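Below: the structure, in structure tokens.
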Amino acid sequence: MTPSADNAKGAGLMMASMAAFTINDAFVKAAGAALPLGQILLLRGAISICALVVLARMLGALRAVPRRDAVLIALRSLAEVGAAYFFLTALLALPIANVTAILQTLPLTVTLGAALFFGEEVGWRRWAAIGVGFCGMLLIVRPGTEDFTAASVYVLIAVLFVTVRDLTTRRMSAGVPSLLVTLSAAVAVTLFASGLTLVQGWQPLSVGTGGLVLGSAIFVSAGYFLSVAVMRVGDISAVAPFRFTGLLWALALGLLVFGEWPEPLTFAGAALVVGAGVFTLRRERRLGAKRPRRGVPR
């Protein structure tokens with residue numbers, strides 16, 4: 001394939017990955033009306049871990065890594081636990097499009113974190129984009145109004161944990177298999193969920209709720225598989241902007257499944273966040289050739 005064809009295929013895989021993860025979120029939100037979050041995560045995790053182990057064995061990803069990388073994997077897994085708990089707790093209380101829109105600040109927060117903690121150079125254009133994106137986030141959460149609740153704080157905490165997760169990933173050696181990292185995170189979240197069920201309890205599983213949990217497990221596993229495939233096709237910096245298509249899925253599912261439609265201010269905030277994020281990713285792509293690449297390999 002030519003580079004442009006690879007990038008086109010990568011863009012398609014990225015959009016499919018975002019669709020799978022967002023549909024998974026919708027299944028979790030629907031199941032959360034009847035089941036505690038811990039039970040959902042435990043059942044979903046048990047199923048997805050089985051799928052990930054099979055895939056990891058097929059791709060030869062189950063192997064030892066250097067101690068430094070093992071520590072980073074453990075740290076990333078803990079961050080994944082925090083991100084899953086706070087994001088999904090917020091998801092059960094807020095419209096799916098609002099939560100997804102706030103999560104789109106991730107390219108901005110990762111750029112900010114890399115500048116603050118890793119000393120990476122950030123020019124005035126990206127600093128301006130970060131400022132614009134955070135203004136958009138404020139339009140979505142609207143602190144000081146009746147719409148600003150504990151769930152709003154939870155989704156902001158989730159963004160913090162996801163930022164830590166992605167910054168940790170960037171420090172890993174290039175030889176660490178992507179699926180090994182993903183599997184470790186899934187195991188950590190499932191173990192956390194088993195403890196959470198001791199606090200939240202366990203509800204009887206009906207055919208309907210069982211189907212929702214199974215659907216969640218299928219789509220989150222598909223999302224993981226597609227996200228790994230994305231890293232193997234094309235230039236990741238070229239296809240990364242297509243992650244914002246997850247917001248389109250969230251808008252559609254919010255309306256069709258949950259009868260939710262964001263307010264005009266939320267749309268305005270989301271537009272600022274997405275615009276700033278796309279600009280930041282494009283800027284990263286231009287500057288990427290000037291510094292060594294790090295992170296999880298293809």
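Identifiers in this document derive from the order of the structure tokens: chains are assigned A, B, ..., residues are numbered from 1 separately in each chain, and ligands are numbered from 1 in order of occurrence.
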
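If you count only C-alpha atoms and ignore residues fewer than 6 places along the chain from stretch 31-37 of chain A, what sits within 7 Å of it is Leu92, Gln200, Gln203, Thr209, Leu212 and Val213 of chain A.
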
Item to complete: Identify, on the basis of only C-alpha atoms, every residue whose closest approach to stretch 126-143 of chain A does not exceed 10 Å; exclude the query and any residue fewer than 4 positions from it along the same chain; express the result as a PyMOL selection string.
Response: chain A and resi 98-99+101-109+111-112+121-122+147-149+151-153+155-156+262-281+283-284

Residue neighbourhood A:Ile218, 8 Å, only C-alpha atoms, exclusion window fewer than 4 positions, as a compact mmCIF listing (two decimals) with N, CA and C atoms, in the first residue's frame:
# COMPACT_ATOMS: atom_id res chain seq x y z
N ASN A 24 -19.96 0.73 23.34
CA ASN A 24 -19.72 0.10 24.64
C ASN A 24 -20.20 1.00 25.77
N SER A 48 -13.97 -9.78 28.40
CA SER A 48 -12.99 -9.12 27.53
C SER A 48 -11.57 -9.63 27.77
N LEU A 214 -23.12 -8.27 27.98
CA LEU A 214 -22.44 -9.02 26.92
C LEU A 214 -22.14 -8.11 25.74
N ALA A 222 -13.84 -5.33 20.80
CA ALA A 222 -13.64 -4.90 19.42
C ALA A 222 -12.89 -3.58 19.37

Discussion item. Just list as a VMD selection string whatever in stretch 42-225 of chain A DSSP marks as alpha helix (DSSP H).
Written reply: chain A and resid 42 to 58 67 to 93 96 to 103 106 to 117 124 to 141 150 to 170 178 to 200 207 to 225

Could you take the residues named above and write them with C-alpha atoms, as a compact mmCIF listing (two decimals), in the first residue's frame?
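Below is the file again_10.txt, written as the result:
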# COMPACT_ATOMS: atom_id res chain seq x y z
CA LEU A 42 -16.50 -7.36 36.66
CA LEU A 43 -18.67 -9.26 34.19
CA ARG A 44 -17.49 -7.21 31.23
CA GLY A 45 -13.88 -7.55 32.30
CA ALA A 46 -14.05 -11.32 32.67
CA ILE A 47 -15.34 -11.67 29.11
CA SER A 48 -12.99 -9.12 27.53
CA ILE A 49 -9.93 -10.54 29.30
CA CYS A 50 -10.61 -13.94 27.71
CA ALA A 51 -10.75 -12.30 24.27
CA LEU A 52 -7.61 -10.25 24.92
CA VAL A 53 -5.62 -13.28 26.13
CA VAL A 54 -6.50 -15.20 22.96
CA LEU A 55 -5.54 -12.22 20.78
CA ALA A 56 -2.32 -11.60 22.73
CA ARG A 57 -1.27 -15.23 22.36
CA MET A 58 -1.98 -15.14 18.64
CA ARG A 67 11.66 -3.92 34.93
CA ARG A 68 11.35 -0.22 34.12
CA ASP A 69 8.61 -0.93 31.61
CA ALA A 70 6.89 -3.30 34.04
CA VAL A 71 6.69 -0.46 36.58
CA LEU A 72 5.30 1.87 33.93
CA ILE A 73 2.72 -0.74 32.92
CA ALA A 74 1.65 -1.06 36.56
CA LEU A 75 1.35 2.72 36.89
CA ARG A 76 -0.61 2.94 33.67
CA SER A 77 -2.95 0.18 34.84
CA LEU A 78 -3.66 2.05 38.09
CA ALA A 79 -4.43 5.16 36.06
CA GLU A 80 -6.76 3.07 33.89
CA VAL A 81 -8.61 1.94 37.02
CA GLY A 82 -9.15 5.55 38.11
CA ALA A 83 -10.18 6.61 34.61
CA ALA A 84 -12.69 3.75 34.25
CA TYR A 85 -14.30 4.33 37.65
CA PHE A 86 -14.67 8.10 37.41
CA PHE A 87 -15.59 8.19 33.71
CA LEU A 88 -18.26 5.50 33.95
CA THR A 89 -19.65 6.88 37.22
CA ALA A 90 -20.06 10.23 35.46
CA LEU A 91 -21.50 8.50 32.39
CA LEU A 92 -24.30 6.96 34.45
CA ALA A 93 -25.35 10.43 35.66
CA ILE A 96 -23.28 10.54 27.02
CA ALA A 97 -22.45 13.36 24.58
CA ASN A 98 -21.44 15.73 27.41
CA VAL A 99 -19.08 13.20 28.96
CA THR A 100 -17.61 12.26 25.59
CA ALA A 101 -17.12 15.92 24.65
CA ILE A 102 -15.17 16.64 27.83
CA LEU A 103 -12.98 13.61 27.16
CA LEU A 106 -7.27 14.67 26.08
CA PRO A 107 -4.86 15.81 23.31
CA LEU A 108 -4.69 19.18 25.07
CA THR A 109 -4.11 17.80 28.55
CA VAL A 110 -1.46 15.37 27.29
CA THR A 111 0.36 18.21 25.55
CA LEU A 112 0.14 20.29 28.73
CA GLY A 113 1.37 17.40 30.89
CA ALA A 114 4.26 16.66 28.53
CA ALA A 115 5.34 20.30 28.75
CA LEU A 116 5.05 20.48 32.55
CA PHE A 117 6.54 17.11 33.49
CA TRP A 124 2.57 29.75 21.57
CA ARG A 125 0.19 28.25 19.01
CA ARG A 126 -0.36 25.09 21.03
CA TRP A 127 -0.55 27.06 24.28
CA ALA A 128 -3.30 29.15 22.66
CA ALA A 129 -5.07 25.96 21.50
CA ILE A 130 -4.92 24.57 25.05
CA GLY A 131 -6.45 27.80 26.38
CA VAL A 132 -9.24 27.72 23.78
CA GLY A 133 -9.95 24.04 24.48
CA PHE A 134 -10.19 24.60 28.21
CA CYS A 135 -12.59 27.50 27.62
CA GLY A 136 -14.70 25.07 25.62
CA MET A 137 -14.59 22.59 28.48
CA LEU A 138 -15.87 25.28 30.85
CA LEU A 139 -18.81 25.89 28.51
CA ILE A 140 -19.67 22.19 28.75
CA VAL A 141 -19.41 21.72 32.53
CA ALA A 150 -20.47 15.88 41.47
CA ALA A 151 -20.68 13.91 38.22
CA SER A 152 -19.17 16.91 36.40
CA VAL A 153 -16.23 16.79 38.79
CA TYR A 154 -15.93 13.04 38.24
CA VAL A 155 -15.52 13.38 34.48
CA LEU A 156 -12.81 16.01 35.01
CA ILE A 157 -11.01 13.63 37.36
CA ALA A 158 -11.35 10.94 34.69
CA VAL A 159 -9.61 13.24 32.19
CA LEU A 160 -6.78 13.65 34.70
CA PHE A 161 -6.38 9.89 35.07
CA VAL A 162 -6.50 9.33 31.30
CA THR A 163 -3.82 11.99 30.88
CA VAL A 164 -1.59 10.20 33.40
CA ARG A 165 -2.28 6.94 31.56
CA ASP A 166 -1.27 8.34 28.18
CA LEU A 167 1.77 10.20 29.49
CA THR A 168 2.95 6.97 31.13
CA THR A 169 2.49 5.14 27.84
CA ARG A 170 4.72 7.68 26.11
CA SER A 178 0.44 -2.91 22.85
CA LEU A 179 -1.78 -5.86 23.72
CA LEU A 180 0.24 -6.67 26.84
CA VAL A 181 -0.34 -3.13 28.07
CA THR A 182 -4.05 -3.34 27.26
CA LEU A 183 -4.43 -6.75 28.91
CA SER A 184 -2.69 -5.55 32.08
CA ALA A 185 -5.09 -2.60 32.31
CA ALA A 186 -8.11 -4.85 31.78
CA VAL A 187 -6.96 -7.18 34.55
CA ALA A 188 -6.40 -4.25 36.92
CA VAL A 189 -9.87 -2.80 36.25
CA THR A 190 -11.50 -6.20 36.71
CA LEU A 191 -9.71 -6.79 40.02
CA PHE A 192 -10.82 -3.34 41.19
CA ALA A 193 -14.38 -4.16 40.11
CA SER A 194 -14.36 -7.36 42.17
CA GLY A 195 -13.58 -5.27 45.25
CA LEU A 196 -16.18 -2.68 44.27
CA THR A 197 -18.89 -5.35 44.23
CA LEU A 198 -18.24 -5.97 47.93
CA VAL A 199 -19.30 -2.36 48.58
CA GLN A 200 -22.02 -1.92 45.96
CA VAL A 207 -31.79 -11.78 30.22
CA GLY A 208 -32.03 -8.11 29.24
CA THR A 209 -29.31 -6.81 31.54
CA GLY A 210 -27.14 -9.81 30.76
CA GLY A 211 -27.44 -8.97 27.07
CA LEU A 212 -26.39 -5.39 27.75
CA VAL A 213 -23.30 -6.51 29.65
CA LEU A 214 -22.44 -9.02 26.92
CA GLY A 215 -22.85 -6.32 24.29
CA SER A 216 -20.58 -4.04 26.28
CA ALA A 217 -17.92 -6.76 26.50
CA ILE A 218 -18.12 -7.48 22.76
CA PHE A 219 -17.79 -3.85 21.74
CA VAL A 220 -15.05 -2.94 24.22
CA SER A 221 -13.08 -5.99 23.02
CA ALA A 222 -13.64 -4.90 19.42
CA GLY A 223 -12.50 -1.40 20.36
CA TYR A 224 -9.29 -2.77 21.87
CA PHE A 225 -8.64 -4.92 18.80

Worksheet entry | Residue among A:Val228, A:Leu59, A:Ile40, A:Leu248 lying closest to A:Thr22, counting only C-alpha atoms |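 Result for the nearest residue to A:Thr22: A:Leu248.
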
Item to complete: Could you jot down the atom CA of A:Ala30 to atom CA of A:Leu251 separation for me, Å, one decimal place?
Response: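 Going from atom CA of A:Ala30 over to atom CA of A:Leu251, I get 15.3 Å.
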
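When only C-alpha atoms are used to measure the gap to A:Thr245, the shortest distance among A:Gly12, A:Pro204, A:Gly144, A:Pro66 belongs to A:Gly12.
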
Discussion item. Restricting the calculation to only C-alpha atoms: of A:Leu287, A:Ala64, A:Leu41, A:Met15, which residue gets closest to A:Val239?
Written reply: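 Ranking A:Leu287, A:Ala64, A:Leu41, A:Met15 by distance to A:Val239, first place goes to A:Met15.
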